[in-house]
Structure formats: C-alpha cells, structure tokens
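One file, target_9.cif, is given below (mmCIF, C-alpha atoms).
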data_coords
loop_
_atom_site.label_atom_id
_atom_site.label_comp_id
_atom_site.auth_asym_id
_atom_site.auth_seq_id
_atom_site.Cartn_x
_atom_site.Cartn_y
_atom_site.Cartn_z
CA MET J 1 -58.88 -130.72 -123.39
CA ARG J 2 -59.01 -129.08 -126.80
CA ALA J 3 -55.80 -128.46 -128.71
CA VAL J 4 -54.71 -127.43 -132.21
CA THR J 5 -52.93 -130.07 -134.25
CA ASN J 6 -52.27 -130.74 -137.94
CA THR J 7 -53.57 -133.22 -140.46
CA GLY J 8 -50.05 -134.32 -141.39
CA LEU J 9 -46.68 -132.98 -142.37
CA GLY J 10 -45.89 -131.21 -145.60
CA ARG J 11 -47.48 -128.57 -147.77
CA GLY J 12 -51.23 -128.54 -148.15
CA ASN J 13 -51.96 -130.07 -144.76
CA GLY J 14 -54.37 -128.22 -142.54
CA PHE J 15 -54.84 -127.54 -138.88
CA PHE J 16 -57.76 -128.53 -136.71
CA VAL J 17 -58.96 -128.65 -133.13
CA ASP J 18 -59.00 -132.10 -131.54
CA GLU J 19 -59.47 -133.60 -128.08
CA TYR J 20 -56.45 -134.73 -126.05
CA ALA J 21 -55.87 -135.81 -122.47
CA VAL J 22 -54.54 -133.14 -120.13
CA PRO J 23 -50.77 -133.71 -120.11
CA ASP J 24 -49.08 -135.36 -117.14
CA ILE J 25 -46.32 -133.44 -115.42
CA GLY J 26 -42.99 -134.64 -114.12
CA PRO J 27 -41.28 -133.62 -110.88
CA HIS J 28 -39.67 -130.51 -112.45
CA ASP J 29 -42.68 -129.45 -114.56
CA VAL J 30 -45.76 -127.31 -114.15
CA LEU J 31 -49.19 -127.62 -115.73
CA VAL J 32 -50.25 -124.27 -117.18
CA GLU J 33 -53.83 -123.36 -118.03
CA VAL J 34 -53.06 -121.56 -121.28
CA HIS J 35 -54.76 -118.20 -121.74
CA ALA J 36 -52.76 -117.13 -124.81
CA SER J 37 -50.21 -118.54 -127.23
CA SER J 38 -48.43 -117.06 -130.22
CA VAL J 39 -47.52 -118.36 -133.66
CA ASN J 40 -43.98 -118.02 -134.98
CA PRO J 41 -42.14 -118.99 -138.18
CA LYS J 42 -40.88 -122.05 -136.26
CA ASP J 43 -44.46 -123.36 -136.17
CA TRP J 44 -44.88 -123.55 -139.95
CA LYS J 45 -41.29 -124.65 -140.51
CA LEU J 46 -41.85 -127.63 -138.22
CA ASN J 47 -44.87 -128.58 -140.31
CA THR J 48 -42.67 -129.38 -143.32
CA ASN J 49 -42.36 -132.97 -144.36
CA PHE J 50 -39.73 -134.50 -142.08
CA ASN J 51 -40.35 -137.92 -143.64
CA ARG J 52 -38.02 -136.93 -146.47
CA LEU J 53 -35.30 -135.77 -144.10
CA ILE J 54 -35.34 -138.19 -141.20
CA PRO J 55 -35.62 -141.97 -141.57
CA ARG J 56 -38.61 -143.31 -139.67
CA VAL J 57 -37.62 -145.78 -136.95
CA ALA J 58 -40.54 -145.43 -134.55
CA GLY J 59 -43.43 -145.92 -136.97
CA PRO J 60 -45.60 -143.25 -138.58
CA LEU J 61 -45.34 -139.69 -137.32
CA ARG J 62 -48.26 -138.61 -135.15
CA PRO J 63 -49.80 -135.16 -135.34
CA LEU J 64 -48.33 -132.89 -132.69
CA ILE J 65 -50.01 -130.22 -130.63
CA LEU J 66 -48.77 -126.95 -132.08
CA GLY J 67 -47.27 -123.90 -130.44
CA ASP J 68 -44.33 -122.93 -128.25
CA ASP J 69 -44.94 -119.57 -126.59
CA LEU J 70 -47.55 -119.50 -123.86
CA ALA J 71 -48.97 -117.36 -121.11
CA GLY J 72 -51.35 -118.58 -118.46
CA ILE J 73 -51.91 -119.66 -114.88
CA VAL J 74 -50.07 -122.47 -113.09
CA ARG J 75 -52.63 -125.11 -112.08
CA LYS J 76 -50.28 -127.86 -110.84
CA ALA J 77 -46.59 -128.04 -109.91
CA GLY J 78 -44.28 -131.05 -109.79
CA ARG J 79 -42.93 -132.12 -106.41
CA LYS J 80 -39.44 -130.69 -107.08
CA VAL J 81 -40.62 -127.30 -108.41
CA THR J 82 -39.49 -124.33 -106.34
CA GLY J 83 -40.03 -120.63 -106.88
CA ILE J 84 -43.29 -120.99 -108.82
CA GLU J 85 -46.61 -121.37 -107.03
CA VAL J 86 -49.96 -122.74 -108.16
CA GLY J 87 -52.16 -119.81 -109.18
CA GLU J 88 -49.33 -117.59 -110.47
CA ARG J 89 -49.50 -115.90 -113.87
CA VAL J 90 -46.55 -117.11 -115.98
CA TYR J 91 -45.16 -116.99 -119.51
CA GLY J 92 -42.44 -118.81 -121.39
CA MET J 93 -41.58 -121.52 -123.89
CA ASP J 94 -39.93 -124.89 -123.61
CA MET J 95 -36.86 -125.69 -125.66
CA ASN J 96 -38.30 -128.95 -127.01
CA ILE J 97 -39.35 -129.27 -130.63
CA ARG J 98 -42.82 -128.20 -129.52
CA THR J 99 -44.25 -127.09 -126.20
CA GLY J 100 -47.82 -127.94 -127.22
CA ALA J 101 -48.94 -124.47 -126.20
CA ILE J 102 -51.94 -124.02 -128.51
CA ALA J 103 -54.10 -126.00 -126.14
CA GLU J 104 -56.18 -125.50 -123.04
CA TYR J 105 -53.34 -126.90 -120.88
CA ALA J 106 -49.61 -127.39 -121.43
CA CYS J 107 -46.88 -129.14 -119.47
CA ILE J 108 -43.67 -127.13 -119.35
CA ALA J 109 -40.41 -127.32 -117.39
CA ALA J 110 -40.57 -124.86 -114.50
CA ARG J 111 -37.13 -123.50 -115.44
CA ARG J 112 -38.55 -122.42 -118.82
CA ILE J 113 -41.18 -120.05 -117.44
CA ALA J 114 -41.21 -116.79 -115.50
CA ARG J 115 -43.76 -114.77 -113.60
CA MET J 116 -45.63 -112.40 -115.87
CA PRO J 117 -45.10 -108.68 -115.27
CA GLU J 118 -48.28 -107.22 -113.77
CA ASN J 119 -48.65 -104.66 -116.56
CA LEU J 120 -48.81 -107.26 -119.38
CA THR J 121 -51.89 -109.00 -120.69
CA PHE J 122 -51.75 -112.73 -121.43
CA GLU J 123 -51.70 -111.94 -125.15
CA GLU J 124 -48.79 -109.53 -124.80
CA ALA J 125 -46.80 -111.95 -122.64
CA ALA J 126 -47.37 -114.87 -125.04
CA ALA J 127 -45.83 -112.82 -127.86
CA VAL J 128 -42.52 -112.35 -126.00
CA PRO J 129 -40.62 -115.66 -125.49
CA LEU J 130 -39.34 -116.77 -128.91
CA ALA J 131 -39.31 -113.30 -130.50
CA GLY J 132 -37.63 -111.85 -127.41
CA LEU J 133 -35.00 -114.60 -127.34
CA THR J 134 -34.29 -114.04 -131.03
CA ALA J 135 -33.85 -110.29 -130.47
CA LEU J 136 -31.56 -110.89 -127.47
CA GLN J 137 -29.39 -113.32 -129.46
CA CYS J 138 -29.07 -110.76 -132.27
CA LEU J 139 -27.94 -108.09 -129.81
CA GLN J 140 -25.42 -110.47 -128.22
CA ILE J 141 -23.96 -111.35 -131.63
CA ALA J 142 -23.83 -107.71 -132.72
#

Once more with this new file: its structure as structure tokens, please.
Amino acid sequence: MRAVTNTGLGRGNGFFVDEYAVPDIGPHDVLVEVHASSVNPKDWKLNTNFNRLIPRVAGPLRPLILGDDLAGIVRKAGRKVTGIEVGERVYGMDMNIRTGAIAEYACIAARRIARMPENLTFEEAAAVPLAGLTALQCLQIA
C-alpha cells in the first residue's frame, strides 16, 4: 500500500509517498480502507527532532506513517470486535502517537472509531476527530 512518511525528524525534512505492507490487525482492531485523512498541528509538531529530547535506546528512529484522523470503510475486523461490521463507513482517530492514517489502509482500535453520519462526506468526517475533541475539551473546561 502507499503511505505518506517523512525523510527524518527535525526542520527541513520533507514528506514523501512510499510503499508499506498493509498493517496487521489485532483482536480488538479494524482495518480501514482510508478514503480521507486530515492534517493537524499535532502532525508537524511530531515531526520535530525527538533525538534531542529522548535518549535513543532502540536504535535509530524510523520514519513513521503520518496522520491521525481518518474516514473510510472497514475492510477487516478483529475476532473480538463487536458493534462494527465489515463494509461500514467509519471515522475516528487512535490515541497513539500516530494512527498512520495518511495511507491506503490503517489499523485502528475499534473503540476509537464510530459510524459516519450519512450526511457527511469522507472528507468532512476526517476533519472532525482531533479538532472536535479539542473543541469538546475546551467547552468542558470552560
């Protein structure tokens, strides 16, 4: 599958499309065929140079598939997934450092997605998760 990744961490590094294997799913995950993803400030902030901040214990940092918010169609469900069916239109974001959503397919925990409202396009739904969560948290604090 094709996915967007980066050439490295830190300023001046670029983004490119590369080939990756379709991700494996666990028992509580779904595989989503991504139709749309959005870009948020979190995406560029996570591209800063973590080498200066975090000591490396596991070897050199690998490029990561970018993106968190996604909207698409469930193509496979883990054996313990309930309430979400293969073929359903869904949207959401994982709470990991990165969901890997700017790709043709993404693995995401079933509890981190929801059925898309019928009146939303994939593009509209992909713009909701992180921005919507941020707005909700602001209202709760206020």

When the PyMOL selection byres ((chain J and resi 120-136) around 12) is applied to the structure above, which residues does it catch, written out as a PyMOL selection string? chain J and resi 33-43+67-73+89-95+98-99+101-102+112-119+137-142

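As for CA of Thr82 (chain J) and CA of Gly100 (chain J), they are spaced 22.8 Å apart.
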
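Using all atoms listed in the file, the smallest distance between any of J:Cys107, J:Val74, J:Thr5, J:Lys80 and Asp24 (chain J) comes from J:Cys107.
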
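Considering all atoms listed in the file, the residue among J:Leu64, J:Glu104, J:Phe15, J:Arg79 positioned nearest to His28 (chain J) is J:Arg79.
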
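CA of Tyr105 (chain J) is positioned 13.8 Å from CA of Val86 (chain J).
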
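The set of residues that the PyMOL selection byres ((chain J and resi 29) around 7) takes from this file is Ile25, Gly26, Pro27, His28, Val30, Leu31, Ala77, Gly78, Val81, Cys107, Ile108, Ala109 and Ala110 of chain J.
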
Students should find that CA of Ile65 (chain J) and CA of Val32 (chain J) are spaced 14.7 Å

request  = Find the spatial neighbours of Val17 (chain J), counting only C-alpha atoms, within a cut-off of 7 Å - ignore same-chain residues fewer than 4 positions away - and output them as a PyMOL selection string.
outcome  = chain J and resi 2-5
